[in-house]
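Content type mmCIF, C-alpha atoms, from the file structure.cif:
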data_query
#
loop_
_atom_site.label_atom_id
_atom_site.label_comp_id
_atom_site.auth_asym_id
_atom_site.auth_seq_id
_atom_site.Cartn_x
_atom_site.Cartn_y
_atom_site.Cartn_z
CA MET A 1178 136.48 107.48 42.13
CA ARG A 1179 134.00 104.95 40.73
CA TYR A 1180 136.39 102.17 41.79
CA PHE A 1181 136.36 103.37 45.40
CA LYS A 1182 132.54 103.65 45.40
CA ILE A 1183 132.28 100.02 44.29
CA LEU A 1184 134.66 98.97 47.07
CA ALA A 1185 132.61 100.92 49.63
CA VAL A 1186 129.38 99.22 48.50
CA LEU A 1187 131.01 95.78 48.61
CA PHE A 1188 132.41 96.47 52.08
CA SER A 1189 128.95 97.57 53.32
CA LEU A 1190 127.39 94.41 51.90
CA PHE A 1191 130.07 92.35 53.64
CA LEU A 1192 129.33 94.00 56.99
CA PHE A 1193 125.60 93.50 56.50
CA ALA A 1194 126.11 89.82 55.73
CA ALA A 1195 128.37 89.39 58.74
CA CYS A 1196 125.78 90.94 61.02
CA ALA A 1197 122.98 88.93 59.48
CA HIS A 1198 124.83 85.70 60.13
CA LYS A 1199 126.01 86.61 63.64
CA GLU A 1200 125.71 83.57 65.84
CA LYS A 1201 123.50 83.79 68.91
CA ALA A 1202 125.18 83.77 72.28
CA VAL A 1203 125.01 80.37 73.92
CA LEU A 1204 122.33 80.41 76.61
CA LEU A 1205 123.78 79.26 79.92
CA SER A 1206 121.75 76.98 82.14
CA ASP A 1207 119.47 78.67 84.67
CA THR A 1208 121.45 77.38 87.62
CA GLU A 1209 124.78 78.47 86.15
CA VAL A 1210 123.48 82.01 85.75
CA LEU A 1211 122.41 82.11 89.40
CA HIS A 1212 125.79 80.76 90.54
CA GLN A 1213 127.68 83.26 88.42
CA ASN A 1214 125.54 86.10 89.78
CA GLU A 1215 126.50 85.16 93.34
CA ASP A 1216 130.16 84.77 92.45
CA GLN A 1217 130.23 88.19 90.82
CA LEU A 1218 128.67 89.72 93.94
CA THR A 1219 131.22 88.02 96.20
CA GLN A 1220 134.07 89.43 94.14
CA VAL A 1221 132.64 92.93 94.47
CA ILE A 1222 132.12 92.52 98.23
CA ILE A 1223 135.79 91.55 98.53
CA TYR A 1224 136.94 94.46 96.36
CA ASP A 1225 134.79 96.99 98.21
CA VAL A 1226 136.01 95.67 101.60
CA PHE A 1227 132.65 95.43 103.33
CA THR A 1228 132.67 94.34 106.95
CA PRO A 1229 131.24 90.86 107.69
CA PRO A 1230 127.91 92.16 109.09
CA VAL A 1231 127.40 94.53 106.15
CA ALA A 1232 128.30 91.75 103.70
CA SER A 1233 125.57 89.59 105.24
CA ARG A 1234 123.06 92.36 104.55
CA ILE A 1235 124.16 92.52 100.90
CA TYR A 1236 123.86 88.75 100.49
CA GLY A 1237 120.49 88.78 102.25
CA TYR A 1238 118.66 91.36 100.18
CA THR A 1239 120.08 90.28 96.82
CA ALA A 1240 119.31 86.60 97.44
CA LEU A 1241 115.75 87.37 98.49
CA ALA A 1242 115.22 89.45 95.35
CA SER A 1243 116.52 86.63 93.17
CA TYR A 1244 114.38 83.98 94.89
CA GLU A 1245 111.16 86.00 94.73
CA ALA A 1246 111.45 86.16 90.93
CA MET A 1247 112.84 82.66 90.40
CA ARG A 1248 110.19 80.89 92.51
CA TYR A 1249 107.50 81.48 89.87
CA ALA A 1250 109.22 78.88 87.70
CA ASP A 1251 107.84 76.22 90.06
CA PRO A 1252 104.31 76.76 91.47
CA LYS A 1253 104.93 74.69 94.59
CA TYR A 1254 107.29 77.31 96.02
CA ASN A 1255 105.92 80.03 98.30
CA SER A 1256 107.05 83.60 98.78
CA ILE A 1257 109.64 84.06 101.52
CA ILE A 1258 109.39 87.83 101.92
CA SER A 1259 105.66 87.56 102.67
CA GLN A 1260 106.70 85.61 105.79
CA LEU A 1261 109.38 88.10 106.84
CA LYS A 1262 109.13 91.46 108.56
CA GLY A 1263 108.25 94.64 106.67
CA PHE A 1264 108.50 93.72 102.99
CA GLY A 1265 104.97 94.54 101.87
CA LYS A 1266 102.85 93.02 99.10
CA VAL A 1267 104.65 90.59 96.82
CA PRO A 1268 104.62 91.39 93.05
CA MET A 1269 103.10 88.78 90.75
CA PRO A 1270 103.59 88.11 87.02
CA GLU A 1271 100.74 88.74 84.62
CA LYS A 1272 98.59 85.68 84.02
CA GLY A 1273 98.90 84.14 80.58
CA LYS A 1274 102.07 86.07 79.77
CA LYS A 1275 105.43 84.49 79.02
CA TYR A 1276 108.42 85.19 81.28
CA ASN A 1277 111.97 84.04 81.64
CA TYR A 1278 112.24 83.88 85.41
CA THR A 1279 116.01 83.45 85.49
CA LEU A 1280 116.36 86.73 83.62
CA ALA A 1281 113.84 88.30 86.01
CA ALA A 1282 115.79 86.93 88.99
CA THR A 1283 119.02 88.35 87.59
CA LYS A 1284 117.47 91.77 87.10
CA ALA A 1285 116.01 91.72 90.61
CA PHE A 1286 119.34 90.61 92.05
CA PHE A 1287 121.35 93.40 90.44
CA THR A 1288 118.70 96.07 90.94
CA VAL A 1289 119.35 95.52 94.64
CA ALA A 1290 123.12 95.01 94.29
CA HIS A 1291 123.53 98.41 92.62
CA LYS A 1292 122.20 100.16 95.72
CA VAL A 1293 124.04 98.16 98.39
CA THR A 1294 127.56 97.98 96.89
CA PHE A 1295 130.04 100.52 95.54
CA SER A 1296 131.64 99.02 92.42
CA ILE A 1297 128.59 99.38 90.20
CA ASP A 1298 130.60 99.68 86.97
CA THR A 1299 132.09 96.22 87.59
CA LEU A 1300 128.63 94.77 88.10
CA LYS A 1301 127.28 96.45 84.96
CA LYS A 1302 130.02 95.01 82.77
CA TYR A 1303 129.06 91.53 83.90
CA GLU A 1304 125.32 92.22 83.67
CA ASN A 1305 125.50 93.52 80.12
CA LYS A 1306 126.98 90.21 79.00
CA VAL A 1307 124.16 88.30 80.72
CA TYR A 1308 121.45 90.55 79.29
CA SER A 1309 122.96 90.31 75.79
CA MET A 1310 122.79 86.52 76.07
CA TYR A 1311 119.07 86.67 76.82
CA LYS A 1312 118.40 89.26 74.12
CA ASP A 1313 119.88 86.86 71.59
CA ASN A 1314 117.65 84.01 72.72
CA LEU A 1315 114.30 85.58 73.68
CA ASP A 1316 111.66 87.46 71.76
CA ASP A 1317 111.53 91.17 72.52
CA SER A 1318 108.30 91.12 74.52
CA THR A 1319 109.36 88.24 76.78
CA TYR A 1320 112.71 89.89 77.39
CA ALA A 1321 111.20 93.30 78.25
CA ARG A 1322 108.46 91.77 80.41
CA SER A 1323 110.95 89.65 82.38
CA VAL A 1324 113.31 92.57 82.99
CA ALA A 1325 110.46 94.82 84.12
CA PHE A 1326 109.17 92.16 86.53
CA GLY A 1327 112.60 91.64 88.04
CA GLU A 1328 113.11 95.36 88.48
CA LYS A 1329 109.75 95.64 90.24
CA ILE A 1330 110.76 92.96 92.75
CA GLY A 1331 114.16 94.57 93.27
CA LYS A 1332 112.60 97.93 94.06
CA LEU A 1333 110.28 96.35 96.62
CA ILE A 1334 113.27 94.75 98.35
CA LEU A 1335 115.12 98.08 98.36
CA LYS A 1336 112.15 99.83 99.93
CA ARG A 1337 112.52 97.56 102.95
CA ALA A 1338 116.31 97.99 102.99
CA SER A 1339 115.87 101.76 103.24
CA VAL A 1340 114.21 101.44 106.67
CA ASP A 1341 116.14 98.51 108.23
CA ASN A 1342 118.21 100.91 110.39
CA TYR A 1343 121.34 100.58 108.27
CA PRO A 1344 121.12 104.03 106.63
CA GLN A 1345 119.95 105.47 109.94
CA THR A 1346 123.07 104.31 111.83
CA ARG A 1347 125.77 105.44 109.38
CA GLY A 1348 126.45 108.70 111.18
CA LYS A 1349 126.97 107.23 114.65
CA PRO A 1350 130.21 108.12 116.51
CA LYS A 1351 133.12 105.68 116.68
CA TYR A 1352 133.16 103.02 119.37
CA LEU A 1353 136.44 102.97 121.31
CA GLY A 1354 135.38 100.76 124.21
CA GLU A 1355 136.18 101.33 127.87
CA ASN A 1356 139.47 101.50 129.72
CA SER A 1357 138.37 99.24 132.56
CA PRO A 1358 138.95 95.58 133.53
CA ALA A 1359 137.32 92.96 131.28
CA LYS A 1360 136.05 95.62 128.84
CA TRP A 1361 136.98 95.74 125.18
CA ARG A 1362 139.56 98.21 123.96
CA PRO A 1363 141.08 98.55 120.48
CA THR A 1364 143.62 95.78 119.93
CA PRO A 1365 147.09 95.53 118.35
CA PRO A 1366 148.58 95.87 115.88
CA ASP A 1367 146.36 98.63 114.47
CA TYR A 1368 144.06 99.60 117.36
CA MET A 1369 141.04 100.19 115.16
CA ASP A 1370 137.68 101.35 116.54
CA GLY A 1371 134.85 98.84 117.08
CA VAL A 1372 133.13 97.72 113.88
CA GLU A 1373 129.34 98.14 113.49
CA PHE A 1374 128.55 98.66 117.16
CA CYS A 1375 124.90 99.41 116.27
CA TRP A 1376 124.38 96.18 114.30
CA GLY A 1377 122.31 94.64 117.09
CA GLU A 1378 119.71 97.35 116.38
CA MET A 1379 119.16 96.24 112.78
CA LYS A 1380 115.71 95.02 111.76
CA VAL A 1381 115.81 91.24 111.61
CA PHE A 1382 114.39 89.09 108.81
CA ALA A 1383 112.85 85.95 110.29
CA ILE A 1384 113.52 85.81 114.01
CA ASP A 1385 111.51 87.71 116.62
CA SER A 1386 114.30 89.99 117.85
CA SER A 1387 118.05 90.33 118.22
CA ALA A 1388 117.73 89.03 121.79
CA MET A 1389 116.63 85.53 120.78
CA PHE A 1390 118.56 82.56 122.20
CA GLN A 1391 121.10 84.76 123.96
CA PRO A 1392 123.70 82.84 125.97
CA GLY A 1393 124.40 83.76 129.58
CA PRO A 1394 127.08 86.31 130.48
CA PRO A 1395 130.78 85.49 130.08
CA PRO A 1396 132.99 84.87 133.12
CA ALA A 1397 133.19 87.92 135.36
CA TYR A 1398 136.47 89.76 135.74
CA SER A 1399 138.75 88.34 138.38
CA GLU A 1400 142.45 88.34 139.21
CA ASP A 1401 142.21 85.04 141.07
CA LYS A 1402 144.44 82.54 139.25
CA ASN A 1403 141.84 79.83 139.83
CA SER A 1404 138.97 81.89 138.40
CA ALA A 1405 137.27 81.11 135.11
CA TYR A 1406 138.31 84.53 133.85
CA VAL A 1407 142.04 83.98 134.30
CA LYS A 1408 141.86 80.37 133.17
CA GLN A 1409 140.27 81.28 129.83
CA TYR A 1410 142.98 83.66 128.67
CA THR A 1411 145.72 81.46 130.10
CA GLU A 1412 144.26 78.58 128.09
CA VAL A 1413 144.43 80.66 124.89
CA TYR A 1414 148.02 81.66 125.61
CA ASN A 1415 149.19 78.12 126.30
CA LYS A 1416 147.34 76.68 123.33
CA ASN A 1417 148.83 79.19 120.90
CA LYS A 1418 152.33 78.17 121.99
CA SER A 1419 151.68 74.48 121.25
CA LEU A 1420 149.55 74.45 118.11
CA THR A 1421 149.90 71.47 115.79
CA LYS A 1422 150.34 71.91 112.06
CA GLU A 1423 146.70 70.93 111.46
CA GLU A 1424 145.40 73.33 114.10
CA LYS A 1425 147.29 76.16 112.42
CA GLU A 1426 145.82 75.13 109.07
CA ILE A 1427 142.31 75.07 110.54
CA ALA A 1428 142.73 78.54 112.02
CA THR A 1429 144.08 79.93 108.75
CA PHE A 1430 141.45 78.22 106.60
CA TRP A 1431 138.56 79.72 108.57
CA ASP A 1432 140.17 83.12 109.18
CA ASP A 1433 137.95 84.87 106.59
CA ASN A 1434 139.07 88.29 107.81
CA PRO A 1435 138.19 90.51 104.83
CA PHE A 1436 140.89 93.10 105.54
CA VAL A 1437 144.05 91.86 107.24
CA ILE A 1438 146.66 94.61 107.55
CA GLN A 1439 150.20 93.33 107.09
CA HIS A 1440 153.20 95.14 108.54
CA ASN A 1441 156.74 95.06 107.17
CA GLY A 1442 158.85 97.66 108.92
CA HIS A 1443 157.30 101.01 108.09
CA LEU A 1444 155.31 99.54 105.22
CA MET A 1445 151.68 98.49 105.52
CA PHE A 1446 149.49 96.63 103.04
CA ALA A 1447 146.20 94.75 103.24
CA ASP A 1448 145.15 91.27 102.19
CA LYS A 1449 141.56 91.03 100.95
CA LYS A 1450 139.62 87.80 101.38
CA ILE A 1451 136.07 86.53 101.53
CA THR A 1452 134.03 87.33 104.61
CA PRO A 1453 132.69 84.58 106.90
CA GLY A 1454 129.33 84.96 105.17
CA GLY A 1455 130.98 84.74 101.76
CA HIS A 1456 132.58 81.46 102.81
CA TRP A 1457 129.17 79.95 103.58
CA ILE A 1458 127.69 81.30 100.37
CA GLY A 1459 130.53 79.41 98.65
CA ILE A 1460 129.61 76.24 100.53
CA THR A 1461 126.00 76.73 99.43
CA THR A 1462 127.19 76.86 95.82
CA ILE A 1463 129.12 73.61 96.32
CA ALA A 1464 126.06 71.87 97.79
CA CYS A 1465 123.79 73.01 94.98
CA LYS A 1466 126.20 71.87 92.29
CA LYS A 1467 126.88 68.52 93.93
CA THR A 1468 123.16 67.72 94.18
CA HIS A 1469 122.38 69.12 90.71
CA ALA A 1470 119.77 71.38 92.31
CA ASP A 1471 117.47 73.08 89.82
CA ALA A 1472 117.25 76.86 89.58
CA VAL A 1473 114.44 77.34 92.10
CA LYS A 1474 116.08 75.03 94.65
CA THR A 1475 119.34 76.92 94.10
CA ALA A 1476 117.67 80.30 94.64
CA GLU A 1477 116.00 78.91 97.76
CA ALA A 1478 119.32 77.67 99.16
CA TYR A 1479 120.99 81.06 98.65
CA ALA A 1480 118.01 82.87 100.20
CA LEU A 1481 117.71 80.70 103.31
CA THR A 1482 121.45 80.65 103.94
CA SER A 1483 121.55 84.43 103.57
CA ILE A 1484 118.65 84.89 105.99
CA ALA A 1485 120.49 82.75 108.54
CA LEU A 1486 123.68 84.77 108.03
CA TYR A 1487 121.95 88.11 108.39
CA ASP A 1488 119.87 87.30 111.47
CA ALA A 1489 122.78 85.48 113.14
CA PHE A 1490 125.08 88.47 112.72
CA ILE A 1491 122.47 90.75 114.29
CA CYS A 1492 122.01 88.42 117.27
CA CYS A 1493 125.74 87.99 117.77
CA TRP A 1494 126.47 91.71 117.56
CA GLU A 1495 123.72 92.39 120.11
CA VAL A 1496 125.64 90.16 122.54
CA LYS A 1497 129.06 91.54 121.58
CA TYR A 1498 128.25 95.14 122.40
CA LYS A 1499 126.01 94.28 125.34
CA TYR A 1500 129.02 92.88 127.22
CA SER A 1501 131.86 94.63 125.31
CA TYR A 1502 134.19 91.90 126.47
CA ALA A 1503 137.98 92.18 126.20
CA ARG A 1504 139.85 90.10 123.63
CA PRO A 1505 142.47 87.52 124.66
CA VAL A 1506 145.32 89.68 123.38
CA THR A 1507 144.34 92.48 125.76
CA ASN A 1508 144.41 90.27 128.84
CA ILE A 1509 147.48 88.30 127.79
CA ASN A 1510 149.50 91.44 127.01
CA GLU A 1511 148.55 93.01 130.33
CA LYS A 1512 148.82 89.95 132.57
CA LEU A 1513 151.10 87.35 130.98
CA ASP A 1514 153.24 88.48 128.05
CA HIS A 1515 153.31 92.05 126.72
CA THR A 1516 154.91 90.95 123.39
CA TRP A 1517 152.44 88.17 122.54
CA LEU A 1518 150.28 88.31 119.43
CA PRO A 1519 147.78 85.64 118.35
CA LEU A 1520 148.21 83.47 115.27
CA LEU A 1521 145.40 85.37 113.55
CA GLN A 1522 144.96 89.12 113.52
CA THR A 1523 142.29 90.07 116.07
CA PRO A 1524 139.21 91.58 114.36
CA PRO A 1525 138.22 95.06 115.62
CA PHE A 1526 135.16 94.35 117.77
CA PRO A 1527 134.40 92.83 121.20
CA GLU A 1528 135.11 89.18 121.96
CA TYR A 1529 131.96 87.61 123.42
CA THR A 1530 130.50 85.80 121.54
CA ALA A 1531 132.32 84.57 118.43
CA GLY A 1532 130.71 85.92 115.26
CA HIS A 1533 132.10 83.35 112.84
CA SER A 1534 131.01 80.54 115.13
CA THR A 1535 127.46 81.93 115.39
CA ILE A 1536 126.87 82.49 111.69
CA SER A 1537 128.57 79.22 110.69
CA ALA A 1538 126.37 77.15 112.99
CA ALA A 1539 123.24 78.96 111.77
CA SER A 1540 124.16 78.46 108.10
CA ALA A 1541 125.24 74.84 108.58
CA THR A 1542 121.95 74.05 110.33
CA VAL A 1543 119.88 75.50 107.48
CA LEU A 1544 121.99 73.71 104.87
CA THR A 1545 121.61 70.43 106.78
CA HIS A 1546 117.82 70.81 106.59
CA LEU A 1547 118.07 71.59 102.87
CA PHE A 1548 120.53 68.91 101.76
CA GLY A 1549 120.61 66.40 104.60
CA ASP A 1550 122.98 65.35 107.33
CA ASN A 1551 126.22 63.50 106.55
CA PHE A 1552 126.59 65.63 103.42
CA GLU A 1553 130.18 65.04 102.35
CA PHE A 1554 131.88 67.84 100.42
CA GLN A 1555 135.22 69.36 99.51
CA ASP A 1556 135.25 72.99 100.60
CA THR A 1557 136.99 74.91 97.84
CA SER A 1558 135.34 78.24 98.71
CA ASP A 1559 138.67 79.80 99.68
CA LEU A 1560 140.87 78.06 97.11
CA HIS A 1561 141.01 81.07 94.80
CA TYR A 1562 141.87 83.47 97.62
CA ILE A 1563 144.26 81.64 99.97
CA GLY A 1564 145.03 78.44 98.04
CA MET A 1565 143.50 76.15 100.67
CA GLN A 1566 140.71 73.56 100.72
CA ARG A 1567 139.39 71.11 103.28
CA HIS A 1568 137.19 68.02 103.30
CA PHE A 1569 134.12 67.65 105.51
CA THR A 1570 131.61 64.87 106.13
CA SER A 1571 128.79 67.27 107.01
CA PHE A 1572 127.91 70.95 107.23
CA LEU A 1573 127.82 70.75 111.02
CA GLN A 1574 131.29 69.21 111.12
CA ALA A 1575 132.48 72.23 109.16
CA SER A 1576 130.76 74.69 111.50
CA ASP A 1577 132.09 72.89 114.59
CA GLU A 1578 135.58 73.19 113.15
CA THR A 1579 134.95 76.88 112.59
CA ALA A 1580 134.21 77.31 116.29
CA MET A 1581 137.48 75.66 117.25
CA SER A 1582 139.39 77.69 114.65
CA ARG A 1583 138.79 80.93 116.54
CA PHE A 1584 140.30 79.39 119.68
CA TYR A 1585 143.27 78.00 117.73
CA GLY A 1586 143.74 81.40 116.13
CA GLY A 1587 144.04 83.03 119.56
CA ILE A 1588 141.26 85.55 118.95
CA HIS A 1589 138.49 83.94 121.05
CA TYR A 1590 138.17 82.09 124.31
CA LEU A 1591 136.96 78.52 123.89
CA ASN A 1592 133.84 79.21 125.95
CA SER A 1593 132.85 82.08 123.64
CA SER A 1594 133.18 79.96 120.51
CA LEU A 1595 131.17 77.07 121.93
CA ALA A 1596 128.41 79.30 123.33
CA ALA A 1597 128.14 81.02 119.95
CA ALA A 1598 127.75 77.69 118.17
CA VAL A 1599 124.82 76.76 120.40
CA GLN A 1600 123.07 80.06 119.65
CA GLY A 1601 123.73 79.68 115.92
CA LYS A 1602 122.21 76.20 115.78
CA GLN A 1603 119.14 77.40 117.68
CA LEU A 1604 118.72 80.28 115.24
CA GLY A 1605 119.13 78.03 112.19
CA ASN A 1606 116.51 75.57 113.45
CA TYR A 1607 114.11 78.39 114.33
CA ILE A 1608 114.39 79.95 110.86
CA TRP A 1609 113.90 76.62 109.12
CA ASN A 1610 110.86 75.68 111.19
CA LYS A 1611 109.25 79.10 110.85
CA LEU A 1612 109.40 79.55 107.08
CA LYS A 1613 107.03 77.54 104.88
CA ILE A 1614 108.84 77.34 101.58
CA THR A 1615 106.77 74.84 99.61
CA ASN A 1616 103.06 74.02 99.46
#
Write-out of the structure in structure tokens:
Amino acid sequence: MRYFKILAVLFSLFLFAACAHKEKAVLLSDTEVLHQNEDQLTQVIIYDVFTPPVASRIYGYTALASYEAMRYADPKYNSIISQLKGFGKVPMPEKGKKYNYTLAATKAFFTVAHKVTFSIDTLKKYENKVYSMYKDNLDDSTYARSVAFGEKIGKLILKRASVDNYPQTRGKPKYLGENSPAKWRPTPPDYMDGVEFCWGEMKVFAIDSSAMFQPGPPPAYSEDKNSAYVKQYTEVYNKNKSLTKEEKEIATFWDDNPFVIQHNGHLMFADKKITPGGHWIGITTIACKKTHADAVKTAEAYALTSIALYDAFICCWEVKYKYSYARPVTNINEKLDHTWLPLLQTPPFPEYTAGHSTISAASATVLTHLFGDNFEFQDTSDLHYIGMQRHFTSFLQASDETAMSRFYGGIHYLNSSLAAAVQGKQLGNYIWNKLKITN
């Protein structure tokens, strides 16, 4: 018995020594933490299958929370939410107290993320690793103070999110369109109801209203073969029968449909991918890393891009459901070829204008202001998901290609894509010129 007691004491001393000499977790750079936070959120958005407009809301609120904490690391940066609509008084750190603002930004970011996503357990597993890293490298008071400050900012952001008309519109009836010429109806192969038909009623961030920079109406319905209406769907039909290899690649690369339902006989399964907004968040990451942007500049880039995404989706959806315009597949099946399907699966919402084109132009415009024109980059945002990447000489070249991709994919008329790009660029310039980011 005495022998076993001695062994127990020795084993306890061994465990104590092992704990005493436990190595501290390596502290990641501030920018790497911010990038990993965004990547983790994107993965959850994909897993939870949020629609593109809803995903833009998630990116918007989380990025604003992160920036409002991170900006205190550089006194020349101003609050963004104080310049937006309905956020209230901005929290401030205590004077003379020490903070780790990257930790505070992370706490703010995930305080918001917990309330606007579903897979909270996945987020918490990642967060716990980040928090453990900071616990190993900060004194207790700095750690606790930073976490509390970040949580305070996150709660302020959530207060605004609770009244932005998102919770208030969740119980609205389904939108099934109208069975009349030129009007949107559910499209093949799955005939799903219209997605987020109330999104144009959401409270905007930076712009004046969802009606800003609206393009004129689309071509009026006509059965005249020489009319603009007939020519636009005939153009889509003819183009889709003569696509080049590169045009197919462009359409596929920019598809970004987060939930494509595949059919194989009686079997159905879904492919999950990044949303259009997630693609531009990925491009923002690439730009920040290429320029070696510091943590505050990185947080700024995510925030401004997310604002552009969110407001652009609201403006586009206002137009979509104002006109409730029929998709090419509807007209082509009824007038030209009842067996035809486009290269890409048609998303379940009205055609005019093109959402991806709008938000891409808005994001590209903001990123051009942030990082300059003629910004050459390799877009690997989708590499993990569809195994594709493309090279661009500027953000605007990428967004212009996005506009054409919807036409190549057979899901938009060319006029709709080009009109959307104009509106997106106007929105991006307006947001950039309105917000005063630095002193």
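Neighbourhood of point (137.1, 97.9, 123.7): residues with an atom at most 9 Å away, counting all atoms listed in the file, are Tyr1352, Leu1353, Gly1354, Glu1355, Asn1356, Lys1360, Trp1361, Arg1362, Pro1363, Thr1364, Asp1370, Gly1371, Ser1501, Tyr1502, Ala1503, Arg1504, Pro1525, Phe1526 and Pro1527 of chain A.
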Target residues per the PyMOL selection byres ((chain A and resi 1387) around 7), formatted as a ChimeraX atom specification:
/A:1377,1386,1388-1389,1491-1492,1495
I'd like the residues picked by the PyMOL selection byres ((chain A and resi 1319) around 12) written out as a PDB file with C-alpha atoms, keeping the file's coordinate frame, using the chain letters and numbers from the file.
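Below you can see part.pdb, which holds the result:
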ATOM      1  CA  PRO A1270     103.590  88.110  87.020  1.00  0.00           C
ATOM      2  CA  GLU A1271     100.740  88.740  84.620  1.00  0.00           C
ATOM      3  CA  GLY A1273      98.900  84.140  80.580  1.00  0.00           C
ATOM      4  CA  LYS A1274     102.070  86.070  79.770  1.00  0.00           C
ATOM      5  CA  LYS A1275     105.430  84.490  79.020  1.00  0.00           C
ATOM      6  CA  TYR A1276     108.420  85.190  81.280  1.00  0.00           C
ATOM      7  CA  ASN A1277     111.970  84.040  81.640  1.00  0.00           C
ATOM      8  CA  TYR A1278     112.240  83.880  85.410  1.00  0.00           C
ATOM      9  CA  THR A1279     116.010  83.450  85.490  1.00  0.00           C
ATOM     10  CA  LEU A1280     116.360  86.730  83.620  1.00  0.00           C
ATOM     11  CA  ALA A1281     113.840  88.300  86.010  1.00  0.00           C
ATOM     12  CA  TYR A1311     119.070  86.670  76.820  1.00  0.00           C
ATOM     13  CA  LYS A1312     118.400  89.260  74.120  1.00  0.00           C
ATOM     14  CA  ASP A1313     119.880  86.860  71.590  1.00  0.00           C
ATOM     15  CA  ASN A1314     117.650  84.010  72.720  1.00  0.00           C
ATOM     16  CA  LEU A1315     114.300  85.580  73.680  1.00  0.00           C
ATOM     17  CA  ASP A1316     111.660  87.460  71.760  1.00  0.00           C
ATOM     18  CA  ASP A1317     111.530  91.170  72.520  1.00  0.00           C
ATOM     19  CA  SER A1318     108.300  91.120  74.520  1.00  0.00           C
ATOM     20  CA  TYR A1320     112.710  89.890  77.390  1.00  0.00           C
ATOM     21  CA  ALA A1321     111.200  93.300  78.250  1.00  0.00           C
ATOM     22  CA  ARG A1322     108.460  91.770  80.410  1.00  0.00           C
ATOM     23  CA  SER A1323     110.950  89.650  82.380  1.00  0.00           C
ATOM     24  CA  VAL A1324     113.310  92.570  82.990  1.00  0.00           C
ATOM     25  CA  ALA A1325     110.460  94.820  84.120  1.00  0.00           C
ATOM     26  CA  PHE A1326     109.170  92.160  86.530  1.00  0.00           C
TER      27      PHE A1326
END
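Checking A:Phe1382, A:Tyr1254, A:Tyr1562, A:Tyr1303 one by one against A:Asn1214, counting all atoms listed in the file, you find the shortest gap at A:Tyr1303.
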Residue IDs satisfying the PyMOL selection byres ((chain A and resi 1558) around 6), as a list of chain:residue names
A:His1456, A:Gly1459, A:Asp1556, A:Thr1557, A:Asp1559, A:Leu1560
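Between atom CA of A:Pro1395 and atom CA of A:Gln1600 there is a distance of 14.1 Å.
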Within 8 Å of A:Val1221, counting all atoms listed in the file, which residues show up once you throw out same-chain ones fewer than 6 positions away? Write them as a PyMOL selection string, please.
chain A and resi 1294+1296+1299-1300
Separation of atom CA of A:Leu1211 from atom CA of A:Asn1616 in Å:
23.3 Å
